[in-house]
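To start, the structure itself, in structure tokens.
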Number of protein chains: 2
Amino acid sequence: MKIKSLTFVIAIMVNGILCFSQNNQPAVIEDFKPSSLNQPGQEYPQVNSQGYVRFKIIAPTADSVRVSLGLGGRGGTKLKQAADTSWMGTTEGPMDEGFHYYNIRIDGGKFNDPGAKNYYGSVRWESGIEIPAHDQDFYALKNVPHGNVVQVLFPSPSTGTSRRAFVYTPPGYDSKSKQRYPVLYLQHGWGEDETAWSNQGHANLIMDNLIAENKITPFIIVMTYGMTNEVRMGGMRNFKIEPFQTVLIDELIPYIDANFRTIAKQSQRAMGGLSMGGMETHTITLNKPEVFSYYALLSGGTYTPAEIKDKSNIKLIFLSCGSKERPDGVKNAAAALKDAGINAVSYVSENTAHEFLTWRRSLLELAPLLFKN
Amino acid sequence: MKIKSLTFVIAIMVNGILCFSQNNQPAVIEDFKPSSLNQPGQEYPQVNSQGYVRFKIIAPTADSVRVSLGLGGRGGTKLKQAADTSWMGTTEGPMDEGFHYYNIRIDGGKFNDPGAKNYYGSVRWESGIEIPAHDQDFYALKNVPHGNVVQVLFPSPSTGTSRRAFVYTPPGYDSKSKQRYPVLYLQHGWGEDETAWSNQGHANLIMDNLIAENKITPFIIVMTYGMTNEVRMGGMRNFKIEPFQTVLIDELIPYIDANFRTIAKQSQRAMGGLSMGGMETHTITLNKPEVFSYYALLSGGTYTPAEIKDKSNIKLIFLSCGSKERPDGVKNAAAALKDAGINAVSYVSENTAHEFLTWRRSLLELAPLLFKN
């Protein structure tokens, strides 16, 4: 594979044109660098400037090593044993920009890539990889004032536990001891948890950068576990919203309002979520119109005008998804809501699917629309 | 293995006495339960009431699976393939109480146990397991008021980066907007990072419980990365304290004092660390006697009276380790310091080694001694 790729690079250099391999993918450029999500000191996995990913796994006496990430459908990328006994392989084509979960199949078992950091998705800690996006600047860690991400443990009588939430507070929250802030309650998707939006979503960095550029009204973001793990494939019918709705409405919101400097009223409170978190947002905002005034579904369904009982209560409905999902769905739904006199906005993330770059960009688009009055 | 163990259980039931296997270990009692650190829904690894650990790894066509944890020296525990093709095995004897890092060797490669959560140690995210300790109540998540663990990103001109620290704030910090607090700067060990003390150390829960019982003066704890990864085995000579000392003294402390309600003076500031973090504490407290007045080395060396230039500056020197380390070292050092007129205290954790239960207990002993005047 390495020799083959090198041949292509030489071909490009000699001919000055882009060559294509037999499977119609562009020639692989040999400028691979360690992924930005690698564990300290780890050289692999690597990503090149085209978005190809190269893996290297040490398992000298394994019979087969396969990576779930790749273009080969559900089969992913099959690694081959090199002369030094390591297993290596490169995705058949470039991956979409942004963040991807993946795992490794070794001799029939599912493991993580020891080179990569882990992110909670699919009800397990998965390996993560980042394909640098052309617009990655908006979620980069920059030399600007940074807000905090606060882990709180709040009492939950309904579940008999102390539950965890993460609370983003804007830069200056601690020094401006009189200022109060609106709040966005922001949910993860199925198989993820309360760590997703700040770890793989970079919600805190997106906010820091927007605030540094004075593009938004600073607000607090609260992220907690949506109790979605209980839902397995095909088990949606068995998912009941009530337990989570009780935790969110009756326990978490009062705790946040008591312990953070929030503006504790409906007009200054938003709820949003990605994927299954969008479905939770849809149900809870309709069940509790007196609690939230801004609703956001990120790759998480739509609202119909018929569902809205009192449109005067709603300041914004935001609907988004990736262009590789069903963009017409959110566009048409937003148009229908607007026709019905509701302030609805749709956003489509170009060249992304049901993955985190879609949701990072959605937060970037959503944040400036929130709490404008 | 399973059948063998079952035989022992029957033997115990019939004879009413404790049987011993051929290797002089007590019979394995079949009351295994999933480890408290398992990923959601995972049945394995499991721990029994004696501290034995049982592993189950799925890798149908693997040639060999071995777990680094166990009593078999560096070899750990070798798993055997069961009839259903899964790999299973139980440690040869009970493990020490408390937290242990481990990993899995599959066909010669190092991976994590997909059943367990991951903890950063040994310069990699390792699998973690918890053997319930007889005194685990002091670090349990209880129905008491909880403090927060705040992730801050602070500017570091000396390294040209934004660096991460975690800040424990006591319960009520946010509502008592006038109260100011002393601060303990608390360092992890080699191969760990700023996540260690709150993830595997439960420092926040230890503090919450002590405060709920009114046993300590509430204080803030600041945990940041000690830049220790650069040190590999035998490379201690190449480790220079200056880069970390600059980050800590010139960048982090001023940031914390500006952004949190601290009592920003030497008499209200402590530094402690475990293992290599103790060595860092030793060096920095001696280099900067004007910054800290309480010093704590947890399995991290000792001070000699000759090293102390001005004992009037020091309110406490705390030295600790596990009874399976070198307890005489810390006891003798504390005695010599006391003879020299310095307020020194030693603590030895019973039946623990160079592991986190030693350090959790050390924090439990240390906290009530801090900031008493």
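Within each chain, counting starts at residue 1; across the structure tokens, chains are named A, B, ... in the order shown, with ligands numbered 1 upward in that order.
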
* Residues at most 12 Å from region 204-211 of chain A, counting only C-alpha atoms, excluding those fewer than 5 positions away in the same chain, as a PyMOL selection string? -> (chain A and resi 135-150+166-172+184+195-199+216-223+357+359-368) or (chain B and resi 151-153+162)

* **Test item: chain B residues at most 9 Å from chain A, counting only C-alpha atoms, as a VMD selection string** => chain B and resid 39 to 41 57 to 64 105 to 115 117 to 118 123 to 125 141 to 155 161 to 162 167 172 to 175 177 229 258 to 261

* To do: Determine the nearest neighbour of Lys288 (chain A) from the options A:Leu248, A:Leu186, A:Leu319, A:Ala83, counting only C-alpha atoms.
  =>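 Once distances to Lys288 (chain A) are computed over only C-alpha atoms, the minimum belongs to A:Leu248.
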
* Asked: Could you state the separation of CA of Phe292 (chain B) and CA of Glu192 (chain B) in Å, given to one decimal place?
  ->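 One can read the CA of Phe292 (chain B) to CA of Glu192 (chain B) distance as 23.5 Å.
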
* To do: Just list the residues in region 169-315 of chain A DSSP gives strand (DSSP E or B) on the backbone, as a count of residues only.
  => 24

* **Distance query region 327-340 of chain B at most 10 Å, only C-alpha atoms, self and fewer than 5 positions along chain excluded, as number ranges by chain** => B: 297-306, 308, 311, 317-322, 345-350

Include C-alpha atoms and write out the residues we just selected as a CSV table (one decimal), in the first residue's frame.
```csv
chain,number,residue,atom,x,y,z
B,297,LEU,CA,4.2,14.2,50.0
B,298,LEU,CA,2.0,11.1,49.3
B,299,SER,CA,4.2,8.1,48.5
B,300,GLY,CA,6.5,10.8,47.1
B,301,GLY,CA,9.6,11.0,49.2
B,302,THR,CA,10.5,13.0,52.4
B,303,TYR,CA,12.1,16.2,53.6
B,304,THR,CA,15.2,16.4,55.8
B,305,PRO,CA,15.5,19.1,58.5
B,306,ALA,CA,18.6,20.3,56.7
B,308,ILE,CA,14.3,23.5,55.5
B,311,LYS,CA,11.0,26.6,59.6
B,317,ILE,CA,4.8,18.8,56.6
B,318,PHE,CA,2.6,15.7,55.9
B,319,LEU,CA,4.3,12.5,54.8
B,320,SER,CA,2.5,9.3,53.9
B,321,CYS,CA,2.7,6.0,52.0
B,322,GLY,CA,1.1,2.5,52.0
B,345,VAL,CA,2.9,14.2,60.6
B,346,SER,CA,3.3,10.8,59.1
B,347,TYR,CA,0.5,8.5,58.0
B,348,VAL,CA,0.7,4.9,56.8
B,349,SER,CA,-2.2,3.3,54.9
B,350,GLU,CA,-2.7,-0.3,56.1
```

* To do: Can you work out the spacing between CA of Gly51 (chain B) and CA of Glu97 (chain B) in Å, to one decimal?
  =>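 Separation between CA of Gly51 (chain B) and CA of Glu97 (chain B): 7.0 Å.
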
* Using only C-alpha atoms, determine which residues lie at most 9 Å from Gln266 (chain B), disregarding the query and same-chain residues fewer than 2 positions distant; provide the list as a PyMOL selection string. => chain B and resi 263-264+268-270+289-294+313

Using N, CA, C and O atoms, can you write the selected residues to a file as a CSV table (one decimal), in the first residue's frame?
```csv
chain,number,residue,atom,x,y,z
B,263,ILE,N,-8.2,32.9,49.4
B,263,ILE,CA,-7.4,33.7,50.3
B,263,ILE,C,-6.0,33.7,49.8
B,263,ILE,O,-5.3,32.7,50.0
B,264,ALA,N,-5.6,34.7,49.0
B,264,ALA,CA,-4.4,34.7,48.2
B,264,ALA,C,-3.2,35.0,49.0
B,264,ALA,O,-2.5,36.1,48.8
B,268,GLN,N,-2.3,30.5,53.6
B,268,GLN,CA,-3.6,29.9,53.2
B,268,GLN,C,-3.4,29.1,51.9
B,268,GLN,O,-4.4,28.9,51.2
B,269,ARG,N,-2.2,28.6,51.7
B,269,ARG,CA,-1.9,27.9,50.4
B,269,ARG,C,-1.1,26.7,50.8
B,269,ARG,O,-0.1,26.7,51.5
B,270,ALA,N,-1.6,25.5,50.2
B,270,ALA,CA,-0.9,24.2,50.4
B,270,ALA,C,-0.5,23.6,49.1
B,270,ALA,O,-1.1,23.9,48.1
B,289,PRO,N,9.5,29.0,49.1
B,289,PRO,CA,9.0,28.9,50.5
B,289,PRO,C,8.0,30.1,50.7
B,289,PRO,O,7.2,30.0,51.7
B,290,GLU,N,8.0,31.1,49.9
B,290,GLU,CA,7.1,32.2,50.1
B,290,GLU,C,5.7,32.0,49.6
B,290,GLU,O,4.8,32.8,49.8
B,291,VAL,N,5.5,30.8,48.9
B,291,VAL,CA,4.2,30.6,48.2
B,291,VAL,C,3.3,29.7,49.0
B,291,VAL,O,2.1,29.9,49.1
B,292,PHE,N,3.9,28.6,49.6
B,292,PHE,CA,3.1,27.6,50.3
B,292,PHE,C,3.5,27.5,51.8
B,292,PHE,O,4.7,27.6,52.1
B,293,SER,N,2.5,27.2,52.6
B,293,SER,CA,2.9,27.0,54.0
B,293,SER,C,2.6,25.5,54.5
B,293,SER,O,3.0,25.2,55.6
B,294,TYR,N,1.8,24.8,53.7
B,294,TYR,CA,1.6,23.4,54.0
B,294,TYR,C,2.1,22.5,52.9
B,294,TYR,O,1.8,22.8,51.7
B,313,ASN,N,8.3,29.5,58.4
B,313,ASN,CA,7.4,29.6,57.3
B,313,ASN,C,6.4,28.4,57.0
B,313,ASN,O,5.5,28.5,56.2
```
